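Colleague: What follows is a structure written as structure tokens; I'll ask about it next.
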Amino acid sequence: MTPRPPLLVLAAAIVLPGAGHVLNRCPVRGLMFVFYILLLGVVTYHLTTPDHSMIGRLAGGLFVYAISVMDAYRTAALRAAPQRAGRA
């Protein structure tokens, strides 16, 4: 199977959490990231006060979302590396 282009995976991961992992053929990993994004988003939302900004209230979920985007791109780049080396 031909691996997906890393930039396509990156774009999908930014637009929709978990979509980059689905493109990498790791749907369970994508669903796990979505679950933890929602879980930590809800937890941090309830642990903060209304005085905090919305970004601060959802900081846990946003942190996992950022890790998910980086992980999807890294996985796609590692899978595409042998093919790029073969063309060089």
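Residue numbering restarts at 1 for every chain of the structure tokens, chains are lettered A, B, ... in their displayed order, and ligands are numbered from 1 as they appear.
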If we count only C-alpha atoms and set the cut-off at 12 Å, which residues sit around Leu23 of chain A, ignoring sequence neighbours fewer than 6 positions away in its own chain? Please answer as a PDB file with all heavy atoms, in the first residue's frame.
Modeller:
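Saved as around-v7.pdb:
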ATOM      1  N   THR A   2       0.425   2.199  -0.734  1.00  0.00           N
ATOM      2  CA  THR A   2       1.141   3.464  -0.803  1.00  0.00           C
ATOM      3  C   THR A   2       0.750   4.332   0.392  1.00  0.00           C
ATOM      4  O   THR A   2      -0.439   4.533   0.644  1.00  0.00           O
ATOM      5  CB  THR A   2       0.776   4.209  -2.098  1.00  0.00           C
ATOM      6  OG1 THR A   2       1.015   3.349  -3.203  1.00  0.00           O
ATOM      7  CG2 THR A   2       1.586   5.472  -2.240  1.00  0.00           C
ATOM      8  N   PRO A   3       1.736   4.838   1.120  1.00  0.00           N
ATOM      9  CA  PRO A   3       1.388   5.707   2.260  1.00  0.00           C
ATOM     10  C   PRO A   3       0.837   7.047   1.782  1.00  0.00           C
ATOM     11  O   PRO A   3       1.153   7.512   0.685  1.00  0.00           O
ATOM     12  CB  PRO A   3       2.718   5.884   2.995  1.00  0.00           C
ATOM     13  CG  PRO A   3       3.763   5.572   2.004  1.00  0.00           C
ATOM     14  CD  PRO A   3       3.169   4.617   1.020  1.00  0.00           C
ATOM     15  N   ARG A   4       0.008   7.633   2.583  1.00  0.00           N
ATOM     16  CA  ARG A   4      -0.585   8.931   2.255  1.00  0.00           C
ATOM     17  C   ARG A   4       0.477  10.024   2.370  1.00  0.00           C
ATOM     18  O   ARG A   4       1.386   9.921   3.198  1.00  0.00           O
ATOM     19  CB  ARG A   4      -1.718   9.254   3.216  1.00  0.00           C
ATOM     20  CG  ARG A   4      -2.805   8.219   3.271  1.00  0.00           C
ATOM     21  CD  ARG A   4      -3.760   8.388   2.110  1.00  0.00           C
ATOM     22  NE  ARG A   4      -5.015   7.706   2.362  1.00  0.00           N
ATOM     23  CZ  ARG A   4      -5.307   6.501   1.896  1.00  0.00           C
ATOM     24  NH1 ARG A   4      -4.427   5.848   1.200  1.00  0.00           N
ATOM     25  NH2 ARG A   4      -6.473   5.953   2.141  1.00  0.00           N
ATOM     26  N   PRO A   5       0.350  11.086   1.573  1.00  0.00           N
ATOM     27  CA  PRO A   5       1.298  12.205   1.701  1.00  0.00           C
ATOM     28  C   PRO A   5       1.182  12.851   3.089  1.00  0.00           C
ATOM     29  O   PRO A   5       0.067  13.110   3.565  1.00  0.00           O
ATOM     30  CB  PRO A   5       0.849  13.185   0.618  1.00  0.00           C
ATOM     31  CG  PRO A   5       0.012  12.390  -0.315  1.00  0.00           C
ATOM     32  CD  PRO A   5      -0.578  11.269   0.474  1.00  0.00           C
ATOM     33  N   PRO A   6       2.312  13.106   3.742  1.00  0.00           N
ATOM     34  CA  PRO A   6       2.265  13.664   5.097  1.00  0.00           C
ATOM     35  C   PRO A   6       1.518  14.991   5.200  1.00  0.00           C
ATOM     36  O   PRO A   6       0.835  15.235   6.194  1.00  0.00           O
ATOM     37  CB  PRO A   6       3.741  13.827   5.462  1.00  0.00           C
ATOM     38  CG  PRO A   6       4.448  12.832   4.623  1.00  0.00           C
ATOM     39  CD  PRO A   6       3.671  12.750   3.340  1.00  0.00           C
ATOM     40  N   LEU A   7       1.607  15.840   4.191  1.00  0.00           N
ATOM     41  CA  LEU A   7       0.905  17.126   4.270  1.00  0.00           C
ATOM     42  C   LEU A   7      -0.610  16.951   4.185  1.00  0.00           C
ATOM     43  O   LEU A   7      -1.356  17.709   4.806  1.00  0.00           O
ATOM     44  CB  LEU A   7       1.399  18.072   3.180  1.00  0.00           C
ATOM     45  CG  LEU A   7       2.828  18.575   3.378  1.00  0.00           C
ATOM     46  CD1 LEU A   7       3.246  19.468   2.214  1.00  0.00           C
ATOM     47  CD2 LEU A   7       2.975  19.305   4.694  1.00  0.00           C
ATOM     48  N   LEU A   8      -1.077  15.953   3.444  1.00  0.00           N
ATOM     49  CA  LEU A   8      -2.507  15.657   3.399  1.00  0.00           C
ATOM     50  C   LEU A   8      -2.989  15.170   4.764  1.00  0.00           C
ATOM     51  O   LEU A   8      -4.043  15.583   5.250  1.00  0.00           O
ATOM     52  CB  LEU A   8      -2.802  14.606   2.331  1.00  0.00           C
ATOM     53  CG  LEU A   8      -4.238  14.090   2.273  1.00  0.00           C
ATOM     54  CD1 LEU A   8      -5.179  15.198   1.829  1.00  0.00           C
ATOM     55  CD2 LEU A   8      -4.325  12.896   1.357  1.00  0.00           C
ATOM     56  N   VAL A   9      -2.195  14.311   5.385  1.00  0.00           N
ATOM     57  CA  VAL A   9      -2.528  13.806   6.721  1.00  0.00           C
ATOM     58  C   VAL A   9      -2.535  14.957   7.723  1.00  0.00           C
ATOM     59  O   VAL A   9      -3.428  15.042   8.575  1.00  0.00           O
ATOM     60  CB  VAL A   9      -1.547  12.693   7.142  1.00  0.00           C
ATOM     61  CG1 VAL A   9      -1.753  12.297   8.586  1.00  0.00           C
ATOM     62  CG2 VAL A   9      -1.690  11.493   6.224  1.00  0.00           C
ATOM     63  N   LEU A  10      -1.558  15.847   7.619  1.00  0.00           N
ATOM     64  CA  LEU A  10      -1.496  17.006   8.521  1.00  0.00           C
ATOM     65  C   LEU A  10      -2.733  17.880   8.370  1.00  0.00           C
ATOM     66  O   LEU A  10      -3.348  18.278   9.371  1.00  0.00           O
ATOM     67  CB  LEU A  10      -0.233  17.818   8.240  1.00  0.00           C
ATOM     68  CG  LEU A  10      -0.050  19.090   9.057  1.00  0.00           C
ATOM     69  CD1 LEU A  10       0.133  18.749  10.533  1.00  0.00           C
ATOM     70  CD2 LEU A  10       1.132  19.878   8.539  1.00  0.00           C
ATOM     71  N   ALA A  11      -3.126  18.156   7.134  1.00  0.00           N
ATOM     72  CA  ALA A  11      -4.314  18.992   6.899  1.00  0.00           C
ATOM     73  C   ALA A  11      -5.572  18.330   7.458  1.00  0.00           C
ATOM     74  O   ALA A  11      -6.403  18.993   8.092  1.00  0.00           O
ATOM     75  CB  ALA A  11      -4.468  19.265   5.409  1.00  0.00           C
ATOM     76  N   ALA A  12      -5.711  17.030   7.242  1.00  0.00           N
ATOM     77  CA  ALA A  12      -6.888  16.318   7.748  1.00  0.00           C
ATOM     78  C   ALA A  12      -6.906  16.310   9.274  1.00  0.00           C
ATOM     79  O   ALA A  12      -7.959  16.475   9.897  1.00  0.00           O
ATOM     80  CB  ALA A  12      -6.907  14.890   7.214  1.00  0.00           C
ATOM     81  N   ALA A  13      -5.737  16.138   9.884  1.00  0.00           N
ATOM     82  CA  ALA A  13      -5.658  16.101  11.351  1.00  0.00           C
ATOM     83  C   ALA A  13      -5.984  17.461  11.959  1.00  0.00           C
ATOM     84  O   ALA A  13      -6.558  17.536  13.046  1.00  0.00           O
ATOM     85  CB  ALA A  13      -4.273  15.648  11.788  1.00  0.00           C
ATOM     86  N   LEU A  16     -10.080  17.968  11.313  1.00  0.00           N
ATOM     87  CA  LEU A  16     -10.964  17.091  12.075  1.00  0.00           C
ATOM     88  C   LEU A  16     -10.137  16.165  12.950  1.00  0.00           C
ATOM     89  O   LEU A  16      -9.369  15.346  12.438  1.00  0.00           O
ATOM     90  CB  LEU A  16     -11.834  16.262  11.114  1.00  0.00           C
ATOM     91  CG  LEU A  16     -12.903  15.389  11.728  1.00  0.00           C
ATOM     92  CD1 LEU A  16     -13.952  16.252  12.429  1.00  0.00           C
ATOM     93  CD2 LEU A  16     -13.561  14.553  10.657  1.00  0.00           C
ATOM     94  N   PRO A  17     -10.241  16.288  14.263  1.00  0.00           N
ATOM     95  CA  PRO A  17      -9.448  15.434  15.148  1.00  0.00           C
ATOM     96  C   PRO A  17      -9.684  13.948  14.854  1.00  0.00           C
ATOM     97  O   PRO A  17     -10.810  13.497  14.716  1.00  0.00           O
ATOM     98  CB  PRO A  17      -9.953  15.795  16.542  1.00  0.00           C
ATOM     99  CG  PRO A  17     -10.533  17.152  16.405  1.00  0.00           C
ATOM    100  CD  PRO A  17     -11.086  17.219  15.009  1.00  0.00           C
ATOM    101  N   ARG A  29      -6.528   4.279  16.939  1.00  0.00           N
ATOM    102  CA  ARG A  29      -5.691   5.312  17.552  1.00  0.00           C
ATOM    103  C   ARG A  29      -6.362   6.682  17.435  1.00  0.00           C
ATOM    104  O   ARG A  29      -6.348   7.477  18.368  1.00  0.00           O
ATOM    105  CB  ARG A  29      -4.323   5.309  16.879  1.00  0.00           C
ATOM    106  CG  ARG A  29      -3.319   6.195  17.542  1.00  0.00           C
ATOM    107  CD  ARG A  29      -1.981   6.078  16.817  1.00  0.00           C
ATOM    108  NE  ARG A  29      -0.976   6.828  17.482  1.00  0.00           N
ATOM    109  CZ  ARG A  29       0.052   6.293  18.111  1.00  0.00           C
ATOM    110  NH1 ARG A  29       0.206   4.996  18.147  1.00  0.00           N
ATOM    111  NH2 ARG A  29       0.939   7.059  18.707  1.00  0.00           N
ATOM    112  N   GLY A  30      -6.955   6.958  16.286  1.00  0.00           N
ATOM    113  CA  GLY A  30      -7.667   8.218  16.099  1.00  0.00           C
ATOM    114  C   GLY A  30      -8.839   8.352  17.045  1.00  0.00           C
ATOM    115  O   GLY A  30      -9.067   9.414  17.626  1.00  0.00           O
ATOM    116  N   ALA A  72      -0.034  12.255  14.110  1.00  0.00           N
ATOM    117  CA  ALA A  72      -0.516  11.823  12.798  1.00  0.00           C
ATOM    118  C   ALA A  72       0.486  12.208  11.704  1.00  0.00           C
ATOM    119  O   ALA A  72       0.801  11.404  10.823  1.00  0.00           O
ATOM    120  CB  ALA A  72      -1.882  12.436  12.508  1.00  0.00           C
ATOM    121  N   TYR A  73       1.008  13.432  11.775  1.00  0.00           N
ATOM    122  CA  TYR A  73       1.978  13.878  10.769  1.00  0.00           C
ATOM    123  C   TYR A  73       3.266  13.066  10.865  1.00  0.00           C
ATOM    124  O   TYR A  73       3.815  12.638   9.848  1.00  0.00           O
ATOM    125  CB  TYR A  73       2.274  15.365  10.940  1.00  0.00           C
ATOM    126  CG  TYR A  73       3.328  15.844   9.975  1.00  0.00           C
ATOM    127  CD1 TYR A  73       3.025  16.027   8.633  1.00  0.00           C
ATOM    128  CD2 TYR A  73       4.627  16.090  10.401  1.00  0.00           C
ATOM    129  CE1 TYR A  73       3.989  16.446   7.732  1.00  0.00           C
ATOM    130  CE2 TYR A  73       5.597  16.503   9.510  1.00  0.00           C
ATOM    131  CZ  TYR A  73       5.262  16.683   8.177  1.00  0.00           C
ATOM    132  OH  TYR A  73       6.229  17.088   7.295  1.00  0.00           O
ATOM    133  N   THR A  75       3.719  10.026  12.003  1.00  0.00           N
ATOM    134  CA  THR A  75       3.493   8.671  11.515  1.00  0.00           C
ATOM    135  C   THR A  75       3.474   8.645   9.987  1.00  0.00           C
ATOM    136  O   THR A  75       4.084   7.771   9.368  1.00  0.00           O
ATOM    137  CB  THR A  75       2.167   8.117  12.069  1.00  0.00           C
ATOM    138  OG1 THR A  75       2.209   8.160  13.496  1.00  0.00           O
ATOM    139  CG2 THR A  75       1.915   6.701  11.617  1.00  0.00           C
ATOM    140  N   ALA A  76       2.798   9.608   9.372  1.00  0.00           N
ATOM    141  CA  ALA A  76       2.750   9.665   7.911  1.00  0.00           C
ATOM    142  C   ALA A  76       4.134   9.929   7.322  1.00  0.00           C
ATOM    143  O   ALA A  76       4.505   9.336   6.307  1.00  0.00           O
ATOM    144  CB  ALA A  76       1.771  10.741   7.463  1.00  0.00           C
ATOM    145  N   ARG A  79       6.245   6.750   7.510  1.00  0.00           N
ATOM    146  CA  ARG A  79       5.818   5.752   6.529  1.00  0.00           C
ATOM    147  C   ARG A  79       6.217   6.137   5.111  1.00  0.00           C
ATOM    148  O   ARG A  79       6.424   5.273   4.268  1.00  0.00           O
ATOM    149  CB  ARG A  79       4.311   5.556   6.601  1.00  0.00           C
ATOM    150  CG  ARG A  79       3.885   4.826   7.839  1.00  0.00           C
ATOM    151  CD  ARG A  79       2.406   4.595   7.856  1.00  0.00           C
ATOM    152  NE  ARG A  79       2.047   3.846   9.053  1.00  0.00           N
ATOM    153  CZ  ARG A  79       0.821   3.490   9.337  1.00  0.00           C
ATOM    154  NH1 ARG A  79      -0.164   3.802   8.518  1.00  0.00           N
ATOM    155  NH2 ARG A  79       0.568   2.824  10.435  1.00  0.00           N
TER     156      ARG A  79
END
Colleague: Residues of segment 13-77 of chain A in helix (DSSP H, G or I) according to DSSP, as a ChimeraX atom specification?
Modeller: /A:13-15,19-23,27-47,54-57,59-77
Colleague: What does the file look like for those residues with C-alpha atoms, as a JSON list (two decimals), in the first residue's frame?
Modeller:
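The result, written out as again-v1.json:
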[["chain", "number", "residue", "atom", "x", "y", "z"],
["A", 13, "ALA", "CA", -5.66, 16.10, 11.35],
["A", 14, "ILE", "CA", -5.93, 19.88, 11.78],
["A", 15, "VAL", "CA", -9.43, 20.09, 10.30],
["A", 19, "ALA", "CA", -8.98, 12.08, 10.67],
["A", 20, "GLY", "CA", -5.22, 12.06, 10.18],
["A", 21, "HIS", "CA", -4.97, 8.75, 12.01],
["A", 22, "VAL", "CA", -7.78, 7.32, 9.88],
["A", 23, "LEU", "CA", -5.85, 8.32, 6.75],
["A", 27, "PRO", "CA", -8.65, 4.36, 13.14],
["A", 28, "VAL", "CA", -8.56, 2.97, 16.69],
["A", 29, "ARG", "CA", -5.69, 5.31, 17.55],
["A", 30, "GLY", "CA", -7.67, 8.22, 16.10],
["A", 31, "LEU", "CA", -10.74, 7.31, 18.15],
["A", 32, "MET", "CA", -8.62, 7.07, 21.29],
["A", 33, "PHE", "CA", -7.25, 10.56, 20.68],
["A", 34, "VAL", "CA", -10.77, 11.93, 20.10],
["A", 35, "PHE", "CA", -11.96, 10.27, 23.32],
["A", 36, "TYR", "CA", -9.15, 11.82, 25.36],
["A", 37, "ILE", "CA", -9.59, 15.22, 23.68],
["A", 38, "LEU", "CA", -13.22, 15.23, 24.77],
["A", 39, "LEU", "CA", -12.50, 13.77, 28.21],
["A", 40, "LEU", "CA", -9.75, 16.21, 29.15],
["A", 41, "GLY", "CA", -11.65, 19.11, 27.58],
["A", 42, "VAL", "CA", -14.64, 18.38, 29.81],
["A", 43, "VAL", "CA", -12.47, 17.81, 32.89],
["A", 44, "THR", "CA", -10.54, 21.06, 32.52],
["A", 45, "TYR", "CA", -13.75, 22.93, 31.69],
["A", 46, "HIS", "CA", -15.29, 21.83, 34.99],
["A", 47, "LEU", "CA", -12.13, 22.42, 37.03],
["A", 54, "MET", "CA", -12.40, 29.52, 26.74],
["A", 55, "ILE", "CA", -8.91, 28.42, 25.65],
["A", 56, "GLY", "CA", -7.91, 28.13, 29.29],
["A", 57, "ARG", "CA", -11.07, 26.22, 30.13],
["A", 59, "ALA", "CA", -6.66, 23.54, 27.75],
["A", 60, "GLY", "CA", -6.52, 19.79, 28.46],
["A", 61, "GLY", "CA", -8.41, 18.89, 25.30],
["A", 62, "LEU", "CA", -6.47, 21.37, 23.19],
["A", 63, "PHE", "CA", -3.20, 19.92, 24.46],
["A", 64, "VAL", "CA", -4.18, 16.39, 23.45],
["A", 65, "TYR", "CA", -5.45, 17.75, 20.10],
["A", 66, "ALA", "CA", -2.04, 19.30, 19.42],
["A", 67, "ILE", "CA", -0.30, 16.03, 20.28],
["A", 68, "SER", "CA", -2.72, 14.16, 17.99],
["A", 69, "VAL", "CA", -1.91, 16.44, 15.04],
["A", 70, "MET", "CA", 1.84, 16.03, 15.57],
["A", 71, "ASP", "CA", 1.52, 12.26, 15.98],
["A", 72, "ALA", "CA", -0.52, 11.82, 12.80],
["A", 73, "TYR", "CA", 1.98, 13.88, 10.77],
["A", 74, "ARG", "CA", 4.98, 12.09, 12.27],
["A", 75, "THR", "CA", 3.49, 8.67, 11.51],
["A", 76, "ALA", "CA", 2.75, 9.66, 7.91],
["A", 77, "ALA", "CA", 6.25, 11.11, 7.46]]
Colleague: Rounded to one decimal, what separation in Å do you get between atom CA of Cys26 of chain A and atom CA of Arg87 of chain A?
Modeller: 25.9 Å
